[in-house]
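All remarks here apply to the structure that follows.
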Amino acid sequence: MTLRYSTERPETAFVGANVVAGHRQVDIITGAVKMYGKDGDWDTPFGDGNAAARIVDELPVTPPQRVVE
């Protein structure tokens with residue numbers, strides 16, 4: 001739950017993984033009630049978690065020479 005009125009990650013709210021509640025007490029309680037008991041069945045909006053492995057697979061076999069200044 002985001003306790004602000006905006007987020008840099010609105011996709012989390014779009015998939016139901018987050019609620020942007022603000023900072024008023026009544027809105028925080030409403031947001032908490034909405035999120036309570038969710039089972040995490042939403043699709044992740046950030047990919048499959050394998051980006052680092054795919055990047056490493058694309059690197060050259062021999063590491064580049066270190067440049068000493």
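By convention in this document, the chains of the structure tokens carry letters A, B, ... by their order, each chain's residues are numbered from 1, and ligands are numbered from 1 in the order they are shown.
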
Which of chain A end up as helix (DSSP H, G or I) when DSSP is run on this backbone - answer as a PDB file with C-alpha atoms, in the first residue's frame?
```pdb
ATOM      1  CA  PRO A  10       1.244   2.715 -11.116  1.00  0.00           C
ATOM      2  CA  GLU A  11       1.331  -0.687 -12.800  1.00  0.00           C
ATOM      3  CA  THR A  12       1.328  -2.279  -9.331  1.00  0.00           C
ATOM      4  CA  ALA A  13      -2.056  -0.700  -8.654  1.00  0.00           C
ATOM      5  CA  PHE A  14      -3.361  -1.639 -12.108  1.00  0.00           C
ATOM      6  CA  GLN A  25      -6.527   8.169   8.094  1.00  0.00           C
ATOM      7  CA  VAL A  26      -9.844   7.167   6.514  1.00  0.00           C
ATOM      8  CA  ASP A  27      -8.132   6.507   3.148  1.00  0.00           C
ATOM      9  CA  ILE A  28      -5.404   4.418   4.778  1.00  0.00           C
ATOM     10  CA  ILE A  29      -8.006   2.292   6.556  1.00  0.00           C
ATOM     11  CA  THR A  30     -10.008   1.914   3.326  1.00  0.00           C
ATOM     12  CA  GLY A  31      -6.859   0.887   1.449  1.00  0.00           C
ATOM     13  CA  ALA A  32      -5.837  -1.565   4.145  1.00  0.00           C
ATOM     14  CA  VAL A  33      -9.273  -3.179   4.083  1.00  0.00           C
ATOM     15  CA  LYS A  34      -9.028  -3.469   0.298  1.00  0.00           C
ATOM     16  CA  MET A  35      -5.589  -5.123   0.443  1.00  0.00           C
ATOM     17  CA  ALA A  51      16.653 -10.223 -17.206  1.00  0.00           C
ATOM     18  CA  ALA A  52      20.080 -10.500 -15.520  1.00  0.00           C
ATOM     19  CA  ALA A  53      20.632 -14.028 -16.854  1.00  0.00           C
ATOM     20  CA  ARG A  54      19.688 -12.950 -20.369  1.00  0.00           C
ATOM     21  CA  ILE A  55      22.091  -9.982 -20.153  1.00  0.00           C
ATOM     22  CA  VAL A  56      24.949 -12.231 -18.985  1.00  0.00           C
ATOM     23  CA  ASP A  57      24.213 -14.610 -21.870  1.00  0.00           C
ATOM     24  CA  GLU A  58      24.793 -11.727 -24.297  1.00  0.00           C
TER      25      GLU A  58
END
```

What separates CA of Gly47 (chain A) and CA of Thr62 (chain A) is a distance of 28.4 Å

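We find CA of Arg24 (chain A) and CA of Ser6 (chain A) to be spaced 13.7 Å apart.
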
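For the residues A:Gly16, A:Asn50, A:Trp42, A:Ala21, ranking by smallest atom-to-atom distance to Arg4 (chain A) using only C-alpha atoms places A:Ala21 first.
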
If we count only C-alpha atoms, what is near Tyr5 (chain A) at a cut-off of 10 Å, once residues fewer than 3 positions away on the same chain are taken out, given as a VMD selection string? chain A and resid 2 19 to 23

Could you check which of A:Val68, A:Ala17, A:Leu3, A:Leu59 is closest to Gly37 (chain A), using only C-alpha atoms?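 Between A:Val68, A:Ala17, A:Leu3, A:Leu59, the residue approaching Gly37 (chain A) most closely is A:Ala17.
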